[in-house]
file query-v7.cif (mmCIF, C-alpha atoms and all ligand atoms)
data_input
loop_
_atom_site.label_atom_id
_atom_site.label_comp_id
_atom_site.auth_asym_id
_atom_site.auth_seq_id
_atom_site.Cartn_x
_atom_site.Cartn_y
_atom_site.Cartn_z
CA MET A 29 12.61 2.45 -19.28
CA LEU A 30 13.62 0.84 -15.97
CA ILE A 31 14.28 -2.90 -16.11
CA ASP A 32 15.29 -5.04 -13.15
CA GLY A 33 17.74 -7.92 -12.95
CA HIS A 34 14.93 -10.37 -13.79
CA ASN A 35 13.83 -8.51 -16.93
CA ARG A 36 10.74 -6.99 -15.34
CA VAL A 37 9.77 -3.44 -16.31
CA VAL A 38 9.56 -1.27 -13.19
CA ASP A 39 7.22 1.68 -13.65
CA TYR A 40 5.57 1.98 -10.22
CA LEU A 41 7.12 3.97 -7.36
CA ARG A 42 5.61 3.84 -3.87
CA VAL A 43 6.73 6.73 -1.67
CA SER A 44 6.29 6.62 2.09
CA VAL A 45 6.19 10.15 3.53
CA THR A 46 6.20 9.09 7.19
CA GLU A 47 6.40 5.94 9.27
CA ARG A 48 4.23 7.53 11.97
CA CYS A 49 0.66 6.41 12.36
CA ASN A 50 -2.44 7.28 14.35
CA PHE A 51 -3.57 3.60 14.34
CA ARG A 52 -1.86 0.50 15.77
CA CYS A 53 -3.21 -2.22 13.48
CA GLN A 54 -2.60 -5.69 14.85
CA TYR A 55 -1.16 -6.95 11.56
CA CYS A 56 1.24 -4.04 11.07
CA MET A 57 2.52 -2.48 14.31
CA PRO A 58 4.19 -3.91 17.39
CA GLU A 59 2.10 -4.06 20.55
CA LYS A 60 4.75 -2.54 22.81
CA PRO A 61 5.44 1.20 22.76
CA PHE A 62 8.31 2.12 20.46
CA SER A 63 9.98 5.30 19.31
CA TRP A 64 9.72 6.93 15.90
CA VAL A 65 12.61 8.00 13.76
CA PRO A 66 13.28 11.70 14.58
CA LYS A 67 11.65 14.12 12.14
CA GLU A 68 15.01 15.62 11.19
CA ASN A 69 16.03 12.27 9.63
CA LEU A 70 13.24 12.55 7.07
CA LEU A 71 13.77 13.75 3.56
CA SER A 72 12.07 17.06 2.86
CA TYR A 73 9.29 17.06 0.27
CA GLU A 74 11.65 18.94 -2.06
CA ASN A 75 14.23 16.14 -1.83
CA LEU A 76 11.66 13.36 -2.16
CA PHE A 77 10.37 15.20 -5.22
CA LYS A 78 13.86 15.35 -6.77
CA PHE A 79 13.92 11.55 -6.71
CA ILE A 80 10.37 11.24 -8.01
CA LYS A 81 11.27 13.51 -10.94
CA VAL A 82 14.28 11.33 -11.79
CA SER A 83 12.14 8.20 -11.60
CA ILE A 84 9.50 9.71 -13.88
CA ASP A 85 12.19 10.75 -16.34
CA GLU A 86 13.50 7.16 -16.27
CA GLY A 87 10.07 5.62 -16.96
CA VAL A 88 7.92 5.56 -13.81
CA LYS A 89 4.23 5.97 -14.71
CA LYS A 90 2.55 5.40 -11.38
CA VAL A 91 3.36 7.12 -8.07
CA ARG A 92 1.63 6.15 -4.84
CA ILE A 93 1.98 8.11 -1.61
CA THR A 94 1.81 5.95 1.50
CA GLY A 95 3.11 5.62 5.05
CA GLY A 96 2.68 4.99 8.11
CA GLU A 97 -0.26 7.28 7.79
CA PRO A 98 0.59 9.76 5.02
CA LEU A 99 -2.10 12.25 6.05
CA LEU A 100 -0.20 12.88 9.31
CA ARG A 101 2.53 14.69 7.41
CA GLU A 102 1.70 18.34 6.92
CA GLY A 103 1.76 19.88 3.46
CA LEU A 104 0.89 16.69 1.60
CA ASP A 105 -1.38 18.58 -0.81
CA ALA A 106 1.51 20.84 -1.88
CA PHE A 107 3.71 17.74 -2.38
CA ILE A 108 1.04 16.11 -4.55
CA LYS A 109 0.73 19.31 -6.56
CA MET A 110 4.51 19.30 -7.22
CA ILE A 111 4.22 15.81 -8.73
CA TYR A 112 1.04 16.61 -10.66
CA ASP A 113 2.50 19.82 -12.09
CA TYR A 114 5.61 17.94 -13.22
CA LYS A 115 3.64 15.29 -15.15
CA ASN A 116 -0.10 15.41 -14.95
CA ASP A 117 -0.72 12.10 -16.72
CA ILE A 118 0.99 10.10 -13.96
CA ASP A 119 -1.29 7.65 -12.14
CA LEU A 120 -1.11 9.60 -8.87
CA ALA A 121 -2.59 7.74 -5.93
CA LEU A 122 -2.64 7.62 -2.12
CA THR A 123 -2.98 4.78 0.38
CA THR A 124 -4.45 5.85 3.72
CA ASN A 125 -6.38 4.61 6.73
CA GLY A 126 -8.94 7.30 5.90
CA TYR A 127 -9.26 8.78 9.41
CA LEU A 128 -8.14 12.28 8.40
CA LEU A 129 -9.70 12.27 4.93
CA PRO A 130 -12.89 14.17 5.86
CA LYS A 131 -10.73 17.26 6.45
CA VAL A 132 -8.35 16.99 3.50
CA ALA A 133 -9.94 15.02 0.65
CA GLN A 134 -11.02 18.14 -1.28
CA LYS A 135 -7.57 19.76 -0.94
CA LEU A 136 -5.87 16.58 -2.18
CA LYS A 137 -8.21 16.30 -5.15
CA ASP A 138 -7.60 19.96 -6.02
CA ALA A 139 -3.84 19.33 -5.84
CA GLY A 140 -4.07 16.64 -8.54
CA LEU A 141 -4.59 13.37 -6.64
CA LYS A 142 -6.56 10.91 -8.80
CA ARG A 143 -7.21 7.87 -6.66
CA VAL A 144 -7.26 6.78 -3.06
CA ASN A 145 -7.01 3.29 -1.57
CA ILE A 146 -8.48 3.21 1.93
CA SER A 147 -8.11 0.48 4.54
CA LEU A 148 -11.40 -0.85 5.91
CA ASP A 149 -11.16 -4.14 7.75
CA THR A 150 -14.57 -4.21 9.41
CA LEU A 151 -17.96 -2.51 9.54
CA LYS A 152 -18.28 -3.07 13.29
CA PRO A 153 -17.08 -0.30 15.64
CA ASP A 154 -15.89 -2.72 18.36
CA VAL A 155 -13.93 -4.83 15.88
CA ALA A 156 -12.36 -1.69 14.38
CA GLN A 157 -11.34 -0.68 17.90
CA LYS A 158 -9.81 -4.12 18.42
CA ILE A 159 -7.86 -4.07 15.15
CA ALA A 160 -6.63 -0.45 15.20
CA GLN A 161 -6.54 -0.20 19.00
CA LYS A 162 -8.52 3.04 18.74
CA ASP A 163 -12.17 3.97 18.13
CA VAL A 164 -11.83 4.71 14.41
CA LEU A 165 -14.75 3.38 12.38
CA ASN A 166 -17.01 6.45 12.08
CA LYS A 167 -14.18 8.71 10.94
CA VAL A 168 -12.95 6.11 8.43
CA LEU A 169 -16.44 5.69 6.95
CA GLU A 170 -16.82 9.46 6.76
CA GLY A 171 -13.39 9.64 5.07
CA ILE A 172 -14.39 7.08 2.45
CA GLU A 173 -17.63 8.92 1.69
CA THR A 174 -15.92 12.31 1.45
CA ALA A 175 -13.19 10.99 -0.86
CA SER A 176 -15.80 9.58 -3.20
CA LYS A 177 -17.92 12.75 -3.07
CA VAL A 178 -15.02 15.00 -4.07
CA GLY A 179 -14.41 12.80 -7.12
CA LEU A 180 -11.49 10.60 -6.09
CA LYS A 181 -11.64 7.03 -7.39
CA VAL A 182 -11.92 4.85 -4.27
CA LYS A 183 -10.60 1.34 -3.66
CA ILE A 184 -10.93 -0.42 -0.32
CA ASN A 185 -8.19 -2.60 1.21
CA CYS A 186 -9.19 -5.25 3.74
CA VAL A 187 -6.91 -7.73 5.52
CA PRO A 188 -9.04 -10.77 6.50
CA MET A 189 -7.99 -12.13 9.91
CA LYS A 190 -9.05 -15.40 11.49
CA GLY A 191 -11.52 -14.93 14.33
CA ILE A 192 -11.55 -11.14 13.88
CA ASN A 193 -13.25 -10.06 10.64
CA ASP A 194 -13.59 -13.32 8.67
CA GLY A 195 -17.35 -13.35 9.32
CA GLU A 196 -17.76 -9.97 7.61
CA LEU A 197 -16.16 -10.46 4.20
CA VAL A 198 -19.47 -10.71 2.30
CA ASP A 199 -20.79 -7.62 4.15
CA ILE A 200 -17.65 -5.65 3.29
CA LEU A 201 -17.87 -6.76 -0.35
CA GLU A 202 -21.54 -5.67 -0.47
CA PHE A 203 -20.77 -2.35 1.22
CA CYS A 204 -18.26 -1.65 -1.57
CA LYS A 205 -20.37 -3.08 -4.39
CA ASP A 206 -23.37 -0.91 -3.41
CA ARG A 207 -21.21 2.21 -3.52
CA GLY A 208 -19.12 1.42 -6.61
CA TYR A 209 -15.80 0.91 -4.82
CA THR A 210 -13.47 -1.96 -5.73
CA VAL A 211 -12.58 -4.01 -2.66
CA ARG A 212 -9.32 -5.96 -2.48
CA PHE A 213 -8.80 -8.55 0.20
CA ILE A 214 -5.11 -8.75 1.10
CA GLU A 215 -3.58 -11.97 2.39
CA PHE A 216 -1.94 -11.19 5.74
CA MET A 217 1.84 -11.15 5.26
CA GLU A 218 3.61 -12.63 8.26
CA ASN A 219 6.11 -10.17 9.72
CA HIS A 220 8.01 -9.67 12.98
CA HIS A 221 6.11 -6.48 13.83
CA ALA A 222 2.58 -7.88 13.77
CA LYS A 223 0.84 -9.10 16.90
CA ASP A 224 1.90 -12.73 17.55
CA SER A 225 -1.69 -13.96 17.49
CA ALA A 226 -2.42 -12.40 14.06
CA LYS A 227 -3.50 -15.12 11.60
CA GLY A 228 -4.67 -14.29 8.11
CA LEU A 229 -6.89 -16.06 5.60
CA ASN A 230 -5.38 -17.25 2.35
CA SER A 231 -6.90 -16.57 -1.06
CA GLU A 232 -8.73 -19.93 -1.22
CA GLU A 233 -10.30 -19.34 2.21
CA ILE A 234 -11.38 -15.85 1.17
CA GLN A 235 -12.84 -17.15 -2.10
CA LYS A 236 -14.74 -19.88 -0.24
CA ILE A 237 -16.42 -17.29 1.98
CA ILE A 238 -17.42 -15.08 -0.96
CA ALA A 239 -18.60 -18.20 -2.88
CA SER A 240 -21.08 -18.93 -0.07
CA LYS A 241 -23.20 -16.13 -1.58
CA TYR A 242 -21.84 -15.23 -5.03
CA ASN A 243 -20.61 -16.93 -8.18
CA PHE A 244 -17.50 -15.35 -9.66
CA LYS A 245 -14.79 -15.95 -12.23
CA PRO A 246 -11.13 -14.83 -12.26
CA VAL A 247 -10.32 -11.95 -14.59
CA LYS A 248 -7.04 -11.79 -16.53
CA ARG A 249 -4.53 -10.02 -14.25
CA ASP A 250 -3.69 -6.41 -15.09
CA GLY A 251 0.10 -6.24 -14.80
CA SER A 252 0.15 -2.78 -13.23
CA SER A 253 -1.59 -3.84 -9.99
CA PRO A 254 -0.75 -6.60 -7.50
CA SER A 255 -4.40 -7.65 -7.34
CA GLN A 256 -5.98 -10.75 -8.90
CA ASN A 257 -9.52 -9.66 -9.72
CA PHE A 258 -12.71 -11.73 -9.87
CA LYS A 259 -15.97 -10.83 -11.61
CA LEU A 260 -19.41 -11.53 -10.09
CA ASN A 261 -22.30 -12.43 -12.41
CA ASP A 262 -23.55 -8.83 -12.29
CA GLY A 263 -20.17 -7.51 -13.50
CA TYR A 264 -18.87 -6.18 -10.16
CA GLU A 265 -15.15 -6.90 -9.68
CA PHE A 266 -13.38 -7.53 -6.40
CA GLY A 267 -9.72 -8.39 -5.93
CA ILE A 268 -7.46 -10.57 -3.84
CA ILE A 269 -3.80 -9.71 -3.28
CA GLU A 270 -2.08 -13.10 -3.08
CA PRO A 271 1.59 -12.73 -2.05
CA HIS A 272 1.69 -16.39 -0.91
CA LYS A 273 1.07 -17.60 -4.47
CA ALA A 274 4.24 -18.95 -6.08
CA ASP A 275 3.94 -16.73 -9.18
CA PHE A 276 2.79 -13.51 -7.42
CA CYS A 277 6.11 -11.75 -7.97
CA SER A 278 6.56 -12.74 -11.61
CA ASP A 279 5.26 -9.41 -12.89
CA CYS A 280 6.41 -7.19 -10.01
CA ASN A 281 6.72 -3.63 -11.31
CA ARG A 282 7.39 -1.82 -8.01
CA ILE A 283 10.09 -0.17 -5.95
CA ARG A 284 9.66 1.73 -2.73
CA LEU A 285 11.18 4.90 -1.31
CA THR A 286 10.93 5.47 2.45
CA ALA A 287 10.56 8.79 4.24
CA GLU A 288 14.21 8.51 5.32
CA GLY A 289 15.36 8.08 1.73
CA PHE A 290 15.91 4.33 1.56
CA LEU A 291 15.19 2.73 -1.76
CA ILE A 292 13.73 -0.70 -1.11
CA PRO A 293 13.75 -3.32 -3.84
CA CYS A 294 11.20 -5.67 -2.24
CA LEU A 295 8.53 -5.52 0.47
CA TYR A 296 9.77 -8.79 1.97
CA PHE A 297 13.51 -8.21 2.36
CA GLU A 298 15.56 -5.91 4.58
CA ASP A 299 17.92 -4.72 1.80
CA ALA A 300 17.88 -1.03 0.94
CA LEU A 301 20.18 1.71 -0.32
CA SER A 302 19.92 5.35 0.67
CA ILE A 303 19.48 8.11 -1.90
CA LYS A 304 19.45 10.77 0.87
CA LYS A 305 22.96 12.14 0.38
CA ALA A 306 22.60 12.10 -3.40
CA VAL A 307 19.42 14.17 -3.48
CA GLU A 308 20.47 16.49 -0.64
CA SER A 309 23.62 17.37 -2.57
CA ASP A 310 21.72 17.61 -5.87
CA ASP A 311 23.83 14.76 -7.28
CA ILE A 312 21.15 13.45 -9.63
CA GLU A 313 23.60 11.21 -11.51
CA LYS A 314 24.40 9.45 -8.25
CA ALA A 315 20.67 9.05 -7.49
CA VAL A 316 20.17 7.39 -10.89
CA GLU A 317 23.19 5.15 -10.26
CA ILE A 318 21.70 4.01 -6.92
CA LEU A 319 18.31 3.46 -8.53
CA LYS A 320 19.86 1.24 -11.23
CA LYS A 321 21.87 -0.68 -8.62
CA VAL A 322 18.75 -1.36 -6.57
CA LEU A 323 16.90 -2.53 -9.68
CA LYS A 324 19.73 -4.82 -10.69
CA ASN A 325 19.62 -6.47 -7.28
CA LYS A 326 15.83 -6.63 -6.94
CA PRO A 327 14.96 -10.12 -5.64
CA GLU A 328 13.05 -12.43 -7.91
CA LYS A 329 10.37 -13.19 -5.32
CA ASN A 330 9.36 -13.00 -1.68
CA LYS A 331 9.64 -15.85 0.81
CA TRP A 332 6.02 -15.85 1.93
CA SER A 333 5.25 -18.08 -1.03
CA GLU A 334 3.78 -21.55 -0.76
CA ASP A 335 7.10 -22.99 -1.95
CA SER A 336 9.10 -21.25 0.85
CA ASP A 337 7.24 -22.69 3.85
CA GLY A 338 5.58 -19.33 4.51
CA GLU A 339 8.51 -17.54 6.13
CA THR A 340 8.21 -14.39 8.25
CA SER A 341 9.61 -11.06 7.06
CA ALA A 342 11.55 -8.71 9.34
CA ARG A 343 10.58 -5.65 7.29
CA ALA A 344 8.01 -3.38 8.96
CA PHE A 345 5.04 -2.47 6.78
CA TYR A 346 4.55 0.85 8.55
CA LYS A 347 8.13 1.83 7.61
CA THR A 348 7.94 0.53 4.05
CA GLY A 349 4.45 1.77 3.23
CA GLY A 350 2.96 -1.64 2.44
N1 LIG A 401 3.91 -8.62 -1.27
C1 LIG A 401 3.51 -7.52 -1.86
N2 LIG A 401 2.38 -6.95 -1.46
C2 LIG A 401 2.02 -5.83 -2.07
C3 LIG A 401 2.73 -5.26 -3.12
N3 LIG A 401 2.09 -4.15 -3.54
C4 LIG A 401 1.02 -4.04 -2.77
N4 LIG A 401 0.96 -5.05 -1.88
C5 LIG A 401 -0.01 -5.26 -0.81
O1 LIG A 401 -1.20 -4.66 -1.16
C6 LIG A 401 -1.48 -3.62 -0.24
C7 LIG A 401 -2.33 -2.58 -0.85
O2 LIG A 401 -1.61 -1.89 -1.81
P1 LIG A 401 -2.04 -0.42 -2.19
O3 LIG A 401 -1.24 0.52 -1.39
O4 LIG A 401 -3.50 -0.29 -2.13
O5 LIG A 401 -1.52 -0.32 -3.67
P2 LIG A 401 -1.85 -1.18 -4.98
O6 LIG A 401 -2.50 -2.44 -4.61
O7 LIG A 401 -0.62 -1.25 -5.80
O8 LIG A 401 -2.90 -0.25 -5.66
P3 LIG A 401 -3.54 -0.20 -7.12
O9 LIG A 401 -2.63 0.61 -7.92
O10 LIG A 401 -4.84 0.49 -6.89
O11 LIG A 401 -3.71 -1.61 -7.58
C8 LIG A 401 -0.10 -3.20 0.21
O12 LIG A 401 -0.09 -2.48 1.35
C9 LIG A 401 0.51 -4.55 0.42
O13 LIG A 401 0.00 -5.11 1.59
C10 LIG A 401 3.92 -5.90 -3.50
O14 LIG A 401 4.65 -5.47 -4.37
N5 LIG A 401 4.26 -7.02 -2.84
C1 LIG A 402 1.19 -0.02 5.74
S1 LIG A 402 -0.35 0.69 5.33
C2 LIG A 402 0.08 2.37 4.99
C3 LIG A 402 -1.05 3.25 4.55
C4 LIG A 402 -2.17 3.50 5.53
N1 LIG A 402 -1.72 3.71 6.86
C5 LIG A 402 -3.18 2.39 5.46
O1 LIG A 402 -3.34 1.67 6.44
O2 LIG A 402 -3.80 2.27 4.41
C6 LIG A 402 -0.68 0.11 3.67
C7 LIG A 402 -1.45 -1.17 3.58
O3 LIG A 402 -0.68 -2.20 4.14
C8 LIG A 402 -1.56 -3.18 4.60
N2 LIG A 402 -0.85 -4.02 5.56
C9 LIG A 402 -0.18 -3.64 6.66
N3 LIG A 402 0.37 -4.69 7.28
C10 LIG A 402 0.04 -5.78 6.54
C11 LIG A 402 0.32 -7.17 6.65
N4 LIG A 402 1.04 -7.66 7.64
N5 LIG A 402 -0.17 -7.99 5.70
C12 LIG A 402 -0.90 -7.51 4.67
N6 LIG A 402 -1.19 -6.20 4.51
C13 LIG A 402 -0.73 -5.35 5.42
C14 LIG A 402 -2.67 -2.37 5.23
O4 LIG A 402 -3.87 -3.09 5.32
C15 LIG A 402 -2.81 -1.22 4.26
O5 LIG A 402 -3.80 -1.50 3.30
S1 LIG A 403 -1.84 -0.57 8.41
FE1 LIG A 403 -1.70 1.61 8.04
S2 LIG A 403 -3.14 2.42 9.58
FE2 LIG A 403 -2.67 0.40 10.24
S3 LIG A 403 -0.95 0.65 11.67
FE3 LIG A 403 -0.11 0.17 9.63
S4 LIG A 403 0.38 2.14 8.79
FE4 LIG A 403 -1.08 2.47 10.45
S1 LIG A 404 7.09 -9.37 -2.62
FE1 LIG A 404 8.81 -8.23 -3.53
S2 LIG A 404 9.16 -9.10 -5.57
FE2 LIG A 404 7.15 -9.81 -4.83
S3 LIG A 404 5.67 -8.38 -5.70
FE3 LIG A 404 6.19 -7.62 -3.65
S4 LIG A 404 7.91 -6.21 -3.93
FE4 LIG A 404 7.69 -7.43 -5.81
#

call {"tool": "encode", "arguments": {"input": "query-v7.cif", "output": "structure tokens", "more": "lines below"}}
Ligand SMILES: Nc1nc2c(ncn2[C@@H]2O[C@H](COP(=O)(O)OP(=O)(O)OP(=O)(O)O)[C@@H](O)[C@H]2O)c(=O)[nH]1
Ligand SMILES: C[S@@+](CC[C@H](N)C(=O)[O-])C[C@H]1O[C@@H](n2cnc3c(N)ncnc32)[C@H](O)[C@@H]1O
Ligand code: SF4
Ligand code: SF4
result
Amino acid sequence: MLIDGHNRVVDYLRVSVTERCNFRCQYCMPEKPFSWVPKENLLSYENLFKFIKVSIDEGVKKVRITGGEPLLREGLDAFIKMIYDYKNDIDLALTTNGYLLPKVAQKLKDAGLKRVNISLDTLKPDVAQKIAQKDVLNKVLEGIETASKVGLKVKINCVPMKGINDGELVDILEFCKDRGYTVRFIEFMENHHAKDSAKGLNSEEIQKIIASKYNFKPVKRDGSSPSQNFKLNDGYEFGIIEPHKADFCSDCNRIRLTAEGFLIPCLYFEDALSIKKAVESDDIEKAVEILKKVLKNKPEKNKWSEDSDGETSARAFYKTGG
């Protein structure tokens, strides 16, 4: 079992397979052009897998593939199959913007993927264009439908932004409710890479909007997910991810591995240690040593919280994988 320096059990590994992305979401990517890390700096799937195996052996029960946009990296289905074949009862999930899902959803399902969380911030094509800085909505909707059709369990992620999509939260909830997808509204996390004008809604503001049409009650939080869920009278559950809440991090069970091999203890902070050399030289003992060191130094909590004056993080979500 993996335990961090604050006595929290860590059993959830998020693996980013690329920082590259085909979208430029206002809340995630810088506006100005920038260069990507060269492909040769990335860990091969084989080397990422070596670390995933070690983590599973040490107690990880949930592996999520993310990015950048993970579907941009070729051979993802074979990578998923490696993980599935190693331990098929792992909660094996993917987070994606959905744009490329129509082409690959079936292959991913066949490889052993169980669930997919897809970002959908709006149901309006012009707003989607404004957020992602590309005409994306039809492909994303098609991706969501295909994923569901091939039998993947679908959750929708939506980042409510002031003056952008805050008028659509009930519509997005109903879109998901009608189709049996869980929607989670994510509080915008202030970071240096987002567009300066990006302003998010907090959990209370989101709840107030949903309460204009529905009654709901909080559900006891399931420790394996960062989401606080709420139940409508008809039983449908939606979630809010509330990183600004003072106790959000108290049951944090996650660590993150980037495509370049950095092991990141917390989404907020810049600290990281590289496991690249260790896995490339097959030094598994060293990889475990680095993993334990990162866990020992995992911060207690982020600094977005209410009690930290809502500070801004320098860590890029597209590099970390969210
Ligand atoms: N601050 C913070 N935000 C997180 C954390 N985990 C997830 N989030 C936020 O929630 C977003 C959506 O997460 P997903 O990639 O869908 O993964 P998940 O919420 O763990 O998924 P489930 O396993 O389905 O609950 C992330 O991109 C982050 O914005 C976390 O540990 N800390
Ligand atoms: C970094 S993306 C990577 C996976 C994929 N490209 C996608 O968009 O789903 C993962 C998640 O991070 C969320 N995200 C990105 N920047 C964020 C921010 N500043 N605050 C809150 N959530 C953010 C996105 O909405 C998305 O759900
Ligand atoms: S949120 Fe996802 S889709 Fe949007 S820019 Fe970031 S990595 Fe790309
Ligand atoms: S902000 Fe850091 S400590 Fe808090 S839940 Fe996220 S990764 Fe864990």

call {"tool": "atom_distance", "arguments": {"input": "query-v7.cif", "atom1": "CA of Gly289 (chain A)", "atom2": "CA of Asn219 (chain A)"}}
result
22.0 Å

call {"tool": "closest_residue", "arguments": {"input": "query-v7.cif", "among": "A:Tyr346, A:Phe213, A:Tyr264, A:Trp332", "to": "Met189 (chain A)", "atoms": "all atoms listed in the file"}}
result
A:Phe213

call {"tool": "residues_near_ligand", "arguments": {"input": "query-v7.cif", "ligand": "ligand LIG 403 (chain A)", "cutoff": "7 Å", "atoms": "only C-alpha atoms and all ligand atoms", "output": "PDB file with C-alpha atoms, keeping the file's coordinate frame"}}
result
ATOM      1  CA  CYS A  49       0.660   6.410  12.360  1.00  0.00           C
ATOM      2  CA  ASN A  50      -2.440   7.280  14.350  1.00  0.00           C
ATOM      3  CA  PHE A  51      -3.570   3.600  14.340  1.00  0.00           C
ATOM      4  CA  ARG A  52      -1.860   0.500  15.770  1.00  0.00           C
ATOM      5  CA  CYS A  53      -3.210  -2.220  13.480  1.00  0.00           C
ATOM      6  CA  CYS A  56       1.240  -4.040  11.070  1.00  0.00           C
ATOM      7  CA  MET A  57       2.520  -2.480  14.310  1.00  0.00           C
ATOM      8  CA  GLY A  95       3.110   5.620   5.050  1.00  0.00           C
ATOM      9  CA  GLY A  96       2.680   4.990   8.110  1.00  0.00           C
ATOM     10  CA  GLU A  97      -0.260   7.280   7.790  1.00  0.00           C
ATOM     11  CA  THR A 124      -4.450   5.850   3.720  1.00  0.00           C
ATOM     12  CA  ASN A 125      -6.380   4.610   6.730  1.00  0.00           C
ATOM     13  CA  ALA A 160      -6.630  -0.450  15.200  1.00  0.00           C
ATOM     14  CA  PHE A 345       5.040  -2.470   6.780  1.00  0.00           C
ATOM     15  CA  TYR A 346       4.550   0.850   8.550  1.00  0.00           C
ATOM     16  CA  GLY A 349       4.450   1.770   3.230  1.00  0.00           C
TER      17      GLY A 349
END

call {"tool": "residues_near_ligand", "arguments": {"input": "query-v7.cif", "ligand": "ligand LIG 404 (chain A)", "cutoff": "7 Å", "atoms": "all atoms listed in the file", "output": "ChimeraX atom specification"}}
result
/A:254,271,276-277,280-283,293-296,327-330

call {"tool": "atom_distance", "arguments": {"input": "query-v7.cif", "atom1": "atom O8 of ligand LIG 401 (chain A)", "atom2": "CA of Cys204 (chain A)"}}
result
16.0 Å

call {"tool": "atom_distance", "arguments": {"input": "query-v7.cif", "atom1": "CA of Ile80 (chain A)", "atom2": "CA of Leu141 (chain A)"}}
result
15.2 Å

call {"tool": "closest_residue", "arguments": {"input": "query-v7.cif", "among": "A:Glu233, A:Asp149, A:Glu270, A:Asp163", "to": "Asn185 (chain A)", "atoms": "all atoms listed in the file"}}
result
A:Asp149

call {"tool": "axis_aligned_box", "arguments": {"input": "query-v7.cif", "around": "ligand LIG 402 (chain A)", "padding_each_side": "8 Å", "output": "AutoDock Vina command-line options"}}
result
--center_x -1.3 --center_y -2.1 --center_z 5.5 --size_x 21.1 --size_y 27.7 --size_z 20.3

call {"tool": "residues_near_point", "arguments": {"input": "query-v7.cif", "point": "(9.2, 6.1, -8.5)", "cutoff": "12 Å", "atoms": "all atoms listed in the file", "output": "ChimeraX atom specification"}}
result
/A:29-30,38-44,76-93,111,118-120,281-286,291-293,315-316,319,323

call {"tool": "residues_around", "arguments": {"input": "query-v7.cif", "residues": "Gly179 (chain A)", "least_positions_apart": "4", "cutoff": "10 Å", "atoms": "all atoms listed in the file", "output": "tab-separated table (two decimals) with C-alpha atoms, in the coordinates of the input"}}
result
chain	number	residue	atom	x	y	z
A	133	ALA	CA	-9.94	15.02	0.65
A	134	GLN	CA	-11.02	18.14	-1.28
A	137	LYS	CA	-8.21	16.30	-5.15
A	138	ASP	CA	-7.60	19.96	-6.02
A	141	LEU	CA	-4.59	13.37	-6.64
A	142	LYS	CA	-6.56	10.91	-8.80
A	143	ARG	CA	-7.21	7.87	-6.66
A	174	THR	CA	-15.92	12.31	1.45
A	175	ALA	CA	-13.19	10.99	-0.86

call {"tool": "closest_residue", "arguments": {"input": "query-v7.cif", "among": "A:Lys109, A:Lys305, A:Arg343, A:Arg212", "to": "ligand LIG 401 (chain A)", "atoms": "all atoms listed in the file"}}
result
A:Arg212

call {"tool": "closest_residue", "arguments": {"input": "query-v7.cif", "among": "A:Val45, A:Ile200, A:Ala222, A:Leu129", "to": "Ile108 (chain A)", "atoms": "all atoms listed in the file"}}
result
A:Val45

call {"tool": "closest_residue", "arguments": {"input": "query-v7.cif", "among": "A:Arg249, A:Lys273, A:Arg207, A:Lys183", "to": "ligand LIG 401 (chain A)", "atoms": "all atoms listed in the file"}}
result
A:Lys183

call {"tool": "closest_residue", "arguments": {"input": "query-v7.cif", "among": "A:Val144, A:Ile159, A:Val322, A:Val198", "to": "ligand LIG 401 (chain A)", "atoms": "all atoms listed in the file"}}
result
A:Val144

call {"tool": "residues_around", "arguments": {"input": "query-v7.cif", "residues": "Met110 (chain A)", "least_positions_apart": "3", "cutoff": "9 Å", "atoms": "only C-alpha atoms", "output": "PDB file with C-alpha atoms, in the coordinates of the input"}}
result
ATOM      1  CA  GLU A  74      11.650  18.940  -2.060  1.00  0.00           C
ATOM      2  CA  PHE A  77      10.370  15.200  -5.220  1.00  0.00           C
ATOM      3  CA  ASP A 105      -1.380  18.580  -0.810  1.00  0.00           C
ATOM      4  CA  ALA A 106       1.510  20.840  -1.880  1.00  0.00           C
ATOM      5  CA  PHE A 107       3.710  17.740  -2.380  1.00  0.00           C
ATOM      6  CA  ASP A 113       2.500  19.820 -12.090  1.00  0.00           C
ATOM      7  CA  TYR A 114       5.610  17.940 -13.220  1.00  0.00           C
ATOM      8  CA  LYS A 115       3.640  15.290 -15.150  1.00  0.00           C
ATOM      9  CA  ALA A 139      -3.840  19.330  -5.840  1.00  0.00           C
TER      10      ALA A 139
END

call {"tool": "residues_around", "arguments": {"input": "query-v7.cif", "residues": "Thr123 (chain A)", "least_positions_apart": "2", "cutoff": "6 Å", "atoms": "all atoms listed in the file", "output": "PDB file with C-alpha atoms, in the frame of the given file"}}
result
ATOM      1  CA  THR A  94       1.810   5.950   1.500  1.00  0.00           C
ATOM      2  CA  VAL A 144      -7.260   6.780  -3.060  1.00  0.00           C
ATOM      3  CA  ASN A 145      -7.010   3.290  -1.570  1.00  0.00           C
ATOM      4  CA  ILE A 146      -8.480   3.210   1.930  1.00  0.00           C
TER       5      ILE A 146
END

call {"tool": "residues_around", "arguments": {"input": "query-v7.cif", "residues": "Lys190 (chain A)", "least_positions_apart": "4", "cutoff": "7 Å", "atoms": "all atoms listed in the file", "output": "list in words"}}
result
Asp194, Lys227, Gly228 and Leu229 of chain A
